[in-house]
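J.: Got a structure for you, written out below as structure tokens; questions coming shortly.
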Amino acid sequence: AVPLYLSEISPAKHRGAINQLFQLTTCLGILIANAINYATEQLHPWGWRLSLGLATFPATLMFLGGLILPETPNSLVEQGKLEEAKKVLIKVRGTPNIDAEFADLVEASDAARAIKHPFRNLLLKKNRPQLVIGALAIPAFQQLTGMNSILFYAPVFFQTLGFGSSAALFSSLITSGALVIAASISMGLVDKFGRRAFFLEAGTEMFICMIAVAITLALKFGEGEPLPVGVGWFLVCVLFLFVLAYGRSWGPLGWLVPSEIFPLETRSAGQSMVIIGFGKGMLKIMIGMGRTGHEEKQNLNGLKREKKCKTASSP
């Protein structure tokens, strides 16, 4: 609901940057949470209780903030509350000159009311491009970028560099920090250079990073051999660049673009399809199963090697 709310409440010329606040604040919250987890890890035995209890603070702020948020002008117009919608529009725009925009909202709302079944209307020929691209393709390809795989195996790189049991927390701290930097870059430049430019430029950068990781792991990783320190640091740098590219392109734009391409009469239904993300959910399951299968294979190989060592050392 947050991307939809932001896209409806923000002015058109600043919509991209304002919508990116969703990604920026989410990444900032994750970074703060990871920093707290990293700091409280050593506070045995009650550190995890402190980390978990501190989560009530932002949750309380979100609840109190939700109580004072205004309804969007689009929603008020759809409910027939025209005067209230006009007051809210004047308030959020900071100017009384909103007649043209308000007339557009009323006209679009009248067209939306004529649609009795918005989900069924998504299947009409004129709405199929938005459905396929916005609700299915973009969320699916957001998962196929390889971000989940990078996050899954990041702790392995940090364990190689000697971080031990703190590897998972430290890798989360690094990746979430990269996401905050990337979201800030995207928020400042996405309206200037456009969505397509970010998709293409960052997508190419991510492709190069994945090729570098794949070649390095194919040559240096596996069969129980530890990664050399130099190779480990190289992978960490490539990982950081990959997350930086993802965080300013496919990460935030995967939410922003679908919220913009659906017309008002099908926007709620279309955004619901994006959030439900059937294709995205299935891809996450497949990636997770692939990771579990790989870990089981690695554990089995480790047990076999251990058994051979014991057999060889026994008299």
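Residue numbering restarts at 1 in every chain; chains get A, B, ... in the order shown in the structure tokens, and ligands count up from 1 in that same order.
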Please provide the set of residues having any atom within 12 Å of Lys126 in chain A, restricted to only C-alpha atoms, with same-chain residues fewer than 5 positions apart removed, written as an NGL selection string.

T.: :A and (121 or 131-132 or 262-263 or 266)

J.: Give me the residues of range 150-202 of chain A that have any atom at most 7 Å from an atom of range 241-253 of chain A; for each, the nearest atom pair and the distance in Å, rounded to one decimal. Use only C-alpha atoms, sort by chain and number, and format it as JSON lines.

T.:
{"residue": "A:Thr175", "atom": "CA", "partner": "A:Val243", "partner_atom": "CA", "distance": 6.5}
{"residue": "A:Ala178", "atom": "CA", "partner": "A:Leu244", "partner_atom": "CA", "distance": 5.4}
{"residue": "A:Leu179", "atom": "CA", "partner": "A:Gly247", "partner_atom": "CA", "distance": 5.0}
{"residue": "A:Ala182", "atom": "CA", "partner": "A:Arg248", "partner_atom": "CA", "distance": 4.7}
{"residue": "A:Ala183", "atom": "CA", "partner": "A:Arg248", "partner_atom": "CA", "distance": 5.3}
{"residue": "A:Ile185", "atom": "CA", "partner": "A:Arg248", "partner_atom": "CA", "distance": 6.6}
{"residue": "A:Ser186", "atom": "CA", "partner": "A:Arg248", "partner_atom": "CA", "distance": 4.8}
{"residue": "A:Phe198", "atom": "CA", "partner": "A:Ser249", "partner_atom": "CA", "distance": 5.4}
{"residue": "A:Phe199", "atom": "CA", "partner": "A:Ser249", "partner_atom": "CA", "distance": 5.5}
{"residue": "A:Ala202", "atom": "CA", "partner": "A:Ala245", "partner_atom": "CA", "distance": 4.9}

J.: Provide the CA of Pro258 in chain A to CA of Ala135 in chain A distance in Å, to one decimal place.

T.: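 Between CA of Pro258 in chain A and CA of Ala135 in chain A the gap works out to 6.7 Å.
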
J.: Identify, with DSSP run on backbone atoms, the residues in range 22-205 of chain A assigned to alpha helix (DSSP H), and express the list as a tab-separated table (two decimals) with N, CA and C atoms, in the first residue's frame.

T.:
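Listed below is the output, result06.tsv:
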chain	number	residue	atom	x	y	z
A	22	PHE	N	10.15	5.33	0.03
A	22	PHE	CA	9.74	4.02	0.55
A	22	PHE	C	10.93	3.08	0.61
A	23	GLN	N	11.69	3.02	-0.50
A	23	GLN	CA	12.87	2.16	-0.55
A	23	GLN	C	13.96	2.66	0.38
A	24	LEU	N	14.15	3.99	0.40
A	24	LEU	CA	15.23	4.56	1.23
A	24	LEU	C	14.98	4.31	2.71
A	25	THR	N	13.79	4.60	3.19
A	25	THR	CA	13.50	4.42	4.61
A	25	THR	C	13.49	2.94	4.99
A	26	THR	N	13.03	2.08	4.07
A	26	THR	CA	13.08	0.64	4.35
A	26	THR	C	14.53	0.17	4.51
A	27	CYS	N	15.39	0.58	3.57
A	27	CYS	CA	16.80	0.19	3.64
A	27	CYS	C	17.48	0.80	4.86
A	28	LEU	N	17.11	2.04	5.19
A	28	LEU	CA	17.69	2.68	6.37
A	28	LEU	C	17.27	1.94	7.64
A	29	GLY	N	16.02	1.52	7.70
A	29	GLY	CA	15.56	0.75	8.85
A	29	GLY	C	16.28	-0.58	8.98
A	30	ILE	N	16.50	-1.24	7.83
A	30	ILE	CA	17.23	-2.51	7.85
A	30	ILE	C	18.67	-2.30	8.30
A	31	LEU	N	19.29	-1.20	7.83
A	31	LEU	CA	20.67	-0.90	8.23
A	31	LEU	C	20.76	-0.67	9.74
A	32	ILE	N	19.84	0.12	10.28
A	32	ILE	CA	19.84	0.39	11.72
A	32	ILE	C	19.62	-0.90	12.51
A	33	ALA	N	18.69	-1.74	12.03
A	33	ALA	CA	18.41	-3.00	12.71
A	33	ALA	C	19.63	-3.92	12.70
A	34	ASN	N	20.31	-3.98	11.53
A	34	ASN	CA	21.52	-4.82	11.45
A	34	ASN	C	22.63	-4.28	12.34
A	35	ALA	N	22.76	-2.95	12.42
A	35	ALA	CA	23.77	-2.36	13.30
A	35	ALA	C	23.47	-2.69	14.76
A	36	ILE	N	22.20	-2.63	15.14
A	36	ILE	CA	21.83	-2.98	16.52
A	36	ILE	C	22.10	-4.45	16.79
A	37	ASN	N	21.75	-5.31	15.84
A	37	ASN	CA	22.00	-6.74	16.00
A	37	ASN	C	23.49	-7.03	16.15
A	38	TYR	N	24.30	-6.34	15.33
A	38	TYR	CA	25.75	-6.54	15.38
A	38	TYR	C	26.31	-6.07	16.72
A	39	ALA	N	25.75	-4.97	17.25
A	39	ALA	CA	26.25	-4.42	18.51
A	39	ALA	C	25.81	-5.25	19.72
A	40	THR	N	24.61	-5.81	19.66
A	40	THR	CA	24.08	-6.56	20.81
A	40	THR	C	24.44	-8.04	20.78
A	47	GLY	N	21.29	-10.13	24.98
A	47	GLY	CA	21.44	-9.21	23.86
A	47	GLY	C	20.32	-9.32	22.84
A	48	TRP	N	19.90	-10.55	22.56
A	48	TRP	CA	18.84	-10.74	21.57
A	48	TRP	C	17.52	-10.17	22.08
A	49	ARG	N	17.31	-10.19	23.41
A	49	ARG	CA	16.08	-9.63	23.96
A	49	ARG	C	16.06	-8.11	23.78
A	50	LEU	N	17.21	-7.47	24.00
A	50	LEU	CA	17.31	-6.03	23.80
A	50	LEU	C	17.05	-5.66	22.33
A	51	SER	N	17.66	-6.43	21.42
A	51	SER	CA	17.48	-6.17	19.99
A	51	SER	C	16.02	-6.31	19.59
A	52	LEU	N	15.39	-7.36	20.08
A	52	LEU	CA	13.98	-7.58	19.74
A	52	LEU	C	13.08	-6.53	20.38
A	53	GLY	N	13.36	-6.15	21.61
A	53	GLY	CA	12.53	-5.17	22.30
A	53	GLY	C	12.60	-3.79	21.69
A	54	LEU	N	13.77	-3.42	21.14
A	54	LEU	CA	13.91	-2.10	20.53
A	54	LEU	C	13.05	-1.94	19.28
A	56	THR	N	10.02	-2.32	19.11
A	56	THR	CA	8.72	-1.71	19.47
A	56	THR	C	8.74	-0.20	19.26
A	57	PHE	N	9.93	0.42	19.29
A	57	PHE	CA	10.01	1.87	19.12
A	57	PHE	C	9.59	2.31	17.72
A	58	PRO	N	10.20	1.79	16.64
A	58	PRO	CA	9.72	2.20	15.31
A	58	PRO	C	8.30	1.73	15.03
A	59	ALA	N	7.91	0.59	15.60
A	59	ALA	CA	6.53	0.13	15.39
A	59	ALA	C	5.53	1.11	15.99
A	60	THR	N	5.86	1.66	17.16
A	60	THR	CA	4.98	2.65	17.80
A	60	THR	C	4.92	3.92	16.97
A	61	LEU	N	6.07	4.37	16.44
A	61	LEU	CA	6.08	5.56	15.60
A	61	LEU	C	5.24	5.36	14.34
A	62	MET	N	5.32	4.18	13.74
A	62	MET	CA	4.52	3.90	12.55
A	62	MET	C	3.03	3.94	12.86
A	63	PHE	N	2.66	3.38	14.00
A	63	PHE	CA	1.25	3.36	14.38
A	63	PHE	C	0.73	4.77	14.61
A	64	LEU	N	1.49	5.57	15.36
A	64	LEU	CA	1.06	6.94	15.65
A	64	LEU	C	1.05	7.80	14.38
A	65	GLY	N	2.03	7.59	13.51
A	65	GLY	CA	2.06	8.32	12.25
A	65	GLY	C	0.89	7.97	11.36
A	66	GLY	N	0.50	6.70	11.36
A	66	GLY	CA	-0.64	6.28	10.55
A	66	GLY	C	-1.95	6.93	10.97
A	67	LEU	N	-2.05	7.29	12.25
A	67	LEU	CA	-3.28	7.91	12.74
A	67	LEU	C	-3.47	9.33	12.21
A	68	ILE	N	-2.37	10.03	11.88
A	68	ILE	CA	-2.49	11.43	11.45
A	68	ILE	C	-2.31	11.60	9.94
A	73	PRO	N	-6.19	12.27	-2.11
A	73	PRO	CA	-7.28	12.90	-2.87
A	73	PRO	C	-7.96	11.93	-3.83
A	74	ASN	N	-7.19	11.03	-4.44
A	74	ASN	CA	-7.78	10.05	-5.36
A	74	ASN	C	-8.83	9.20	-4.67
A	75	SER	N	-8.48	8.72	-3.46
A	75	SER	CA	-9.41	7.86	-2.73
A	75	SER	C	-10.65	8.63	-2.30
A	76	LEU	N	-10.47	9.88	-1.85
A	76	LEU	CA	-11.62	10.68	-1.43
A	76	LEU	C	-12.55	10.98	-2.60
A	77	VAL	N	-11.98	11.24	-3.77
A	77	VAL	CA	-12.81	11.49	-4.96
A	77	VAL	C	-13.59	10.23	-5.31
A	78	GLU	N	-12.96	9.09	-5.24
A	78	GLU	CA	-13.64	7.83	-5.54
A	78	GLU	C	-14.76	7.55	-4.55
A	82	LEU	N	-15.91	15.10	-2.49
A	82	LEU	CA	-15.19	16.02	-3.37
A	82	LEU	C	-14.61	17.21	-2.61
A	83	GLU	N	-15.38	17.80	-1.70
A	83	GLU	CA	-14.89	18.97	-0.97
A	83	GLU	C	-13.71	18.61	-0.09
A	84	GLU	N	-13.81	17.47	0.59
A	84	GLU	CA	-12.70	17.02	1.44
A	84	GLU	C	-11.48	16.71	0.59
A	85	ALA	N	-11.70	16.11	-0.58
A	85	ALA	CA	-10.59	15.80	-1.49
A	85	ALA	C	-9.90	17.08	-1.94
A	86	LYS	N	-10.67	18.12	-2.22
A	86	LYS	CA	-10.10	19.39	-2.66
A	86	LYS	C	-9.26	20.01	-1.53
A	87	LYS	N	-9.76	19.94	-0.29
A	87	LYS	CA	-9.02	20.49	0.85
A	87	LYS	C	-7.69	19.76	1.04
A	88	VAL	N	-7.73	18.43	0.94
A	88	VAL	CA	-6.51	17.64	1.11
A	88	VAL	C	-5.52	17.96	-0.02
A	89	LEU	N	-6.03	18.10	-1.24
A	89	LEU	CA	-5.16	18.39	-2.38
A	89	LEU	C	-4.48	19.76	-2.22
A	90	ILE	N	-5.24	20.74	-1.74
A	90	ILE	CA	-4.66	22.08	-1.49
A	90	ILE	C	-3.59	21.99	-0.39
A	91	LYS	N	-3.84	21.17	0.62
A	91	LYS	CA	-2.91	21.04	1.73
A	91	LYS	C	-1.60	20.38	1.29
A	92	VAL	N	-1.71	19.27	0.54
A	92	VAL	CA	-0.49	18.54	0.18
A	92	VAL	C	0.27	19.23	-0.95
A	93	ARG	N	-0.40	20.04	-1.76
A	93	ARG	CA	0.29	20.77	-2.83
A	93	ARG	C	0.82	22.12	-2.35
A	99	ASP	N	-7.13	23.48	-9.52
A	99	ASP	CA	-8.37	23.21	-10.25
A	99	ASP	C	-8.15	22.22	-11.39
A	100	ALA	N	-7.07	22.40	-12.16
A	100	ALA	CA	-6.83	21.52	-13.31
A	100	ALA	C	-6.56	20.09	-12.84
A	101	GLU	N	-5.73	19.93	-11.82
A	101	GLU	CA	-5.42	18.59	-11.32
A	101	GLU	C	-6.66	17.95	-10.70
A	102	PHE	N	-7.44	18.76	-9.98
A	102	PHE	CA	-8.64	18.21	-9.36
A	102	PHE	C	-9.64	17.76	-10.42
A	103	ALA	N	-9.77	18.54	-11.49
A	103	ALA	CA	-10.68	18.15	-12.58
A	103	ALA	C	-10.24	16.83	-13.22
A	104	ASP	N	-8.91	16.64	-13.36
A	104	ASP	CA	-8.40	15.38	-13.90
A	104	ASP	C	-8.74	14.21	-12.99
A	105	LEU	N	-8.63	14.44	-11.68
A	105	LEU	CA	-8.96	13.38	-10.72
A	105	LEU	C	-10.43	12.99	-10.80
A	106	VAL	N	-11.30	13.99	-10.88
A	106	VAL	CA	-12.73	13.72	-10.96
A	106	VAL	C	-13.07	12.98	-12.25
A	107	GLU	N	-12.47	13.41	-13.35
A	107	GLU	CA	-12.72	12.75	-14.64
A	107	GLU	C	-12.25	11.30	-14.62
A	108	ALA	N	-11.04	11.08	-14.08
A	108	ALA	CA	-10.53	9.72	-14.00
A	108	ALA	C	-11.36	8.86	-13.06
A	109	SER	N	-11.87	9.48	-11.98
A	109	SER	CA	-12.70	8.73	-11.04
A	109	SER	C	-14.03	8.32	-11.68
A	110	ASP	N	-14.61	9.23	-12.46
A	110	ASP	CA	-15.85	8.88	-13.16
A	110	ASP	C	-15.63	7.71	-14.12
A	111	ALA	N	-14.48	7.73	-14.79
A	111	ALA	CA	-14.17	6.61	-15.69
A	111	ALA	C	-13.95	5.32	-14.90
A	112	ALA	N	-13.34	5.45	-13.71
A	112	ALA	CA	-13.09	4.27	-12.89
A	112	ALA	C	-14.38	3.68	-12.35
A	113	ARG	N	-15.35	4.53	-12.02
A	113	ARG	CA	-16.62	4.03	-11.49
A	113	ARG	C	-17.37	3.22	-12.54
A	118	PRO	N	-12.79	-4.45	-11.65
A	118	PRO	CA	-11.43	-4.01	-12.02
A	118	PRO	C	-10.47	-5.16	-12.27
A	119	PHE	N	-10.58	-6.26	-11.51
A	119	PHE	CA	-9.67	-7.38	-11.74
A	119	PHE	C	-9.95	-8.04	-13.08
A	120	ARG	N	-11.23	-8.16	-13.42
A	120	ARG	CA	-11.58	-8.71	-14.72
A	120	ARG	C	-11.16	-7.76	-15.83
A	121	ASN	N	-11.23	-6.47	-15.55
A	121	ASN	CA	-10.85	-5.48	-16.55
A	121	ASN	C	-9.35	-5.51	-16.86
A	128	ARG	N	-3.65	-5.41	-21.02
A	128	ARG	CA	-2.74	-6.54	-20.92
A	128	ARG	C	-1.27	-6.13	-20.86
A	129	PRO	N	-0.82	-5.12	-21.61
A	129	PRO	CA	0.59	-4.74	-21.47
A	129	PRO	C	0.96	-4.34	-20.05
A	130	GLN	N	0.09	-3.55	-19.39
A	130	GLN	CA	0.36	-3.16	-18.00
A	130	GLN	C	0.36	-4.37	-17.08
A	138	ILE	N	8.04	-7.41	-14.35
A	138	ILE	CA	8.98	-6.65	-13.51
A	138	ILE	C	9.20	-7.32	-12.16
A	139	PRO	N	8.15	-7.75	-11.42
A	139	PRO	CA	8.42	-8.46	-10.16
A	139	PRO	C	9.20	-9.75	-10.36
A	140	ALA	N	8.92	-10.47	-11.46
A	140	ALA	CA	9.64	-11.73	-11.70
A	140	ALA	C	11.11	-11.47	-12.00
A	141	PHE	N	11.39	-10.53	-12.90
A	141	PHE	CA	12.78	-10.25	-13.24
A	141	PHE	C	13.51	-9.57	-12.09
A	142	GLN	N	12.78	-8.94	-11.19
A	142	GLN	CA	13.42	-8.38	-9.99
A	142	GLN	C	14.07	-9.49	-9.18
A	143	GLN	N	13.45	-10.67	-9.15
A	143	GLN	CA	14.03	-11.81	-8.44
A	143	GLN	C	15.12	-12.49	-9.24
A	144	LEU	N	14.98	-12.48	-10.58
A	144	LEU	CA	15.96	-13.14	-11.44
A	144	LEU	C	17.25	-12.34	-11.61
A	147	MET	N	19.84	-11.07	-6.88
A	147	MET	CA	20.04	-10.42	-5.60
A	147	MET	C	19.90	-11.41	-4.44
A	148	ASN	N	18.90	-12.28	-4.52
A	148	ASN	CA	18.69	-13.24	-3.43
A	148	ASN	C	19.88	-14.19	-3.31
A	149	SER	N	20.42	-14.62	-4.46
A	149	SER	CA	21.57	-15.52	-4.42
A	149	SER	C	22.78	-14.84	-3.79
A	150	ILE	N	22.99	-13.57	-4.15
A	150	ILE	CA	24.11	-12.82	-3.57
A	150	ILE	C	23.95	-12.71	-2.05
A	151	LEU	N	22.74	-12.39	-1.60
A	151	LEU	CA	22.51	-12.26	-0.16
A	151	LEU	C	22.63	-13.60	0.55
A	152	PHE	N	22.22	-14.68	-0.11
A	152	PHE	CA	22.32	-16.00	0.49
A	152	PHE	C	23.78	-16.37	0.77
A	153	TYR	N	24.67	-16.08	-0.18
A	153	TYR	CA	26.05	-16.55	-0.08
A	153	TYR	C	27.02	-15.50	0.43
A	154	ALA	N	26.54	-14.30	0.71
A	154	ALA	CA	27.42	-13.27	1.25
A	154	ALA	C	28.12	-13.71	2.54
A	155	PRO	N	27.42	-14.37	3.48
A	155	PRO	CA	28.13	-14.81	4.71
A	155	PRO	C	29.31	-15.72	4.44
A	156	VAL	N	29.25	-16.51	3.33
A	156	VAL	CA	30.37	-17.40	3.01
A	156	VAL	C	31.62	-16.58	2.72
A	157	PHE	N	31.47	-15.48	1.98
A	157	PHE	CA	32.62	-14.65	1.67
A	157	PHE	C	33.23	-14.06	2.94
A	158	PHE	N	32.37	-13.62	3.85
A	158	PHE	CA	32.86	-12.98	5.07
A	158	PHE	C	33.46	-14.00	6.04
A	159	GLN	N	32.95	-15.22	6.03
A	159	GLN	CA	33.56	-16.26	6.84
A	159	GLN	C	34.97	-16.55	6.36
A	160	THR	N	35.15	-16.51	5.04
A	160	THR	CA	36.47	-16.73	4.47
A	160	THR	C	37.45	-15.67	4.92
A	167	ALA	N	29.90	-13.39	10.65
A	167	ALA	CA	29.91	-13.17	9.21
A	167	ALA	C	28.54	-12.78	8.68
A	168	ALA	N	27.49	-13.49	9.14
A	168	ALA	CA	26.15	-13.21	8.63
A	168	ALA	C	25.71	-11.79	8.99
A	169	LEU	N	25.97	-11.39	10.25
A	169	LEU	CA	25.58	-10.05	10.68
A	169	LEU	C	26.40	-8.97	9.96
A	170	PHE	N	27.70	-9.23	9.79
A	170	PHE	CA	28.55	-8.24	9.14
A	170	PHE	C	28.19	-8.08	7.66
A	171	SER	N	27.89	-9.20	6.99
A	171	SER	CA	27.50	-9.13	5.58
A	171	SER	C	26.18	-8.39	5.44
A	172	SER	N	25.26	-8.60	6.39
A	172	SER	CA	23.99	-7.87	6.34
A	172	SER	C	24.22	-6.38	6.53
A	173	LEU	N	25.18	-6.03	7.39
A	173	LEU	CA	25.50	-4.63	7.64
A	173	LEU	C	26.06	-3.97	6.38
A	174	ILE	N	26.94	-4.67	5.67
A	174	ILE	CA	27.54	-4.13	4.45
A	174	ILE	C	26.49	-3.98	3.35
A	175	THR	N	25.69	-5.01	3.12
A	175	THR	CA	24.71	-4.97	2.03
A	175	THR	C	23.61	-3.94	2.30
A	176	SER	N	23.17	-3.84	3.54
A	176	SER	CA	22.13	-2.85	3.85
A	176	SER	C	22.68	-1.43	3.74
A	177	GLY	N	23.96	-1.23	4.10
A	177	GLY	CA	24.58	0.07	3.91
A	177	GLY	C	24.66	0.44	2.44
A	178	ALA	N	25.01	-0.53	1.59
A	178	ALA	CA	25.04	-0.28	0.15
A	178	ALA	C	23.66	0.06	-0.39
A	179	LEU	N	22.63	-0.58	0.14
A	179	LEU	CA	21.26	-0.30	-0.31
A	179	LEU	C	20.83	1.11	0.07
A	180	VAL	N	21.24	1.58	1.24
A	180	VAL	CA	20.90	2.95	1.65
A	180	VAL	C	21.56	3.96	0.72
A	181	ILE	N	22.85	3.75	0.41
A	181	ILE	CA	23.55	4.65	-0.50
A	181	ILE	C	22.89	4.64	-1.88
A	182	ALA	N	22.56	3.44	-2.36
A	182	ALA	CA	21.95	3.31	-3.68
A	182	ALA	C	20.58	3.96	-3.74
A	183	ALA	N	19.77	3.78	-2.69
A	183	ALA	CA	18.45	4.39	-2.67
A	183	ALA	C	18.54	5.92	-2.66
A	184	SER	N	19.56	6.46	-1.98
A	184	SER	CA	19.75	7.91	-1.98
A	184	SER	C	20.11	8.42	-3.37
A	185	ILE	N	20.98	7.67	-4.07
A	185	ILE	CA	21.34	8.04	-5.44
A	185	ILE	C	20.12	7.99	-6.35
A	186	SER	N	19.35	6.92	-6.22
A	186	SER	CA	18.17	6.77	-7.07
A	186	SER	C	17.14	7.85	-6.81
A	187	MET	N	16.94	8.19	-5.55
A	187	MET	CA	15.95	9.21	-5.21
A	187	MET	C	16.32	10.57	-5.78
A	188	GLY	N	17.61	10.86	-5.84
A	188	GLY	CA	18.04	12.16	-6.34
A	188	GLY	C	18.10	12.26	-7.85
A	189	LEU	N	18.23	11.10	-8.54
A	189	LEU	CA	18.48	11.15	-9.99
A	189	LEU	C	17.42	10.48	-10.85
A	190	VAL	N	16.50	9.74	-10.24
A	190	VAL	CA	15.57	8.95	-11.06
A	190	VAL	C	14.64	9.83	-11.88
A	191	ASP	N	14.23	10.99	-11.36
A	191	ASP	CA	13.36	11.88	-12.14
A	191	ASP	C	14.15	12.64	-13.21
A	192	LYS	N	15.44	12.79	-13.01
A	192	LYS	CA	16.27	13.52	-13.98
A	192	LYS	C	16.63	12.65	-15.18
A	193	PHE	N	17.05	11.42	-14.92
A	193	PHE	CA	17.51	10.55	-16.01
A	193	PHE	C	16.44	9.56	-16.49
A	195	ARG	N	13.39	6.31	-15.66
A	195	ARG	CA	13.39	4.93	-15.15
A	195	ARG	C	14.14	3.98	-16.08
A	196	ARG	N	13.93	4.13	-17.39
A	196	ARG	CA	14.53	3.22	-18.36
A	196	ARG	C	16.05	3.29	-18.31
A	197	ALA	N	16.61	4.49	-18.19
A	197	ALA	CA	18.06	4.64	-18.13
A	197	ALA	C	18.64	3.89	-16.93
A	198	PHE	N	17.96	3.96	-15.80
A	198	PHE	CA	18.45	3.26	-14.60
A	198	PHE	C	18.36	1.75	-14.78
A	199	PHE	N	17.26	1.28	-15.37
A	199	PHE	CA	17.13	-0.15	-15.64
A	199	PHE	C	18.28	-0.66	-16.50
A	200	LEU	N	18.59	0.06	-17.57
A	200	LEU	CA	19.60	-0.39	-18.53
A	200	LEU	C	21.02	-0.27	-17.96
A	201	GLU	N	21.34	0.88	-17.38
A	201	GLU	CA	22.70	1.10	-16.89
A	201	GLU	C	23.02	0.16	-15.73
A	202	ALA	N	22.16	0.16	-14.72
A	202	ALA	CA	22.43	-0.68	-13.55
A	202	ALA	C	22.29	-2.15	-13.88
A	203	GLY	N	21.38	-2.49	-14.80
A	203	GLY	CA	21.24	-3.88	-15.21
A	203	GLY	C	22.52	-4.41	-15.85
A	204	THR	N	23.16	-3.58	-16.69
A	204	THR	CA	24.43	-3.97	-17.30
A	204	THR	C	25.51	-4.15	-16.24
A	205	GLU	N	25.55	-3.25	-15.27
A	205	GLU	CA	26.54	-3.35	-14.19
A	205	GLU	C	26.32	-4.62	-13.37

J.: What does the distance between CA of Trp233 in chain A and CA of Cys209 in chain A come to in Å, to one decimal place?

T.: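 It comes out at 14.0 Å.
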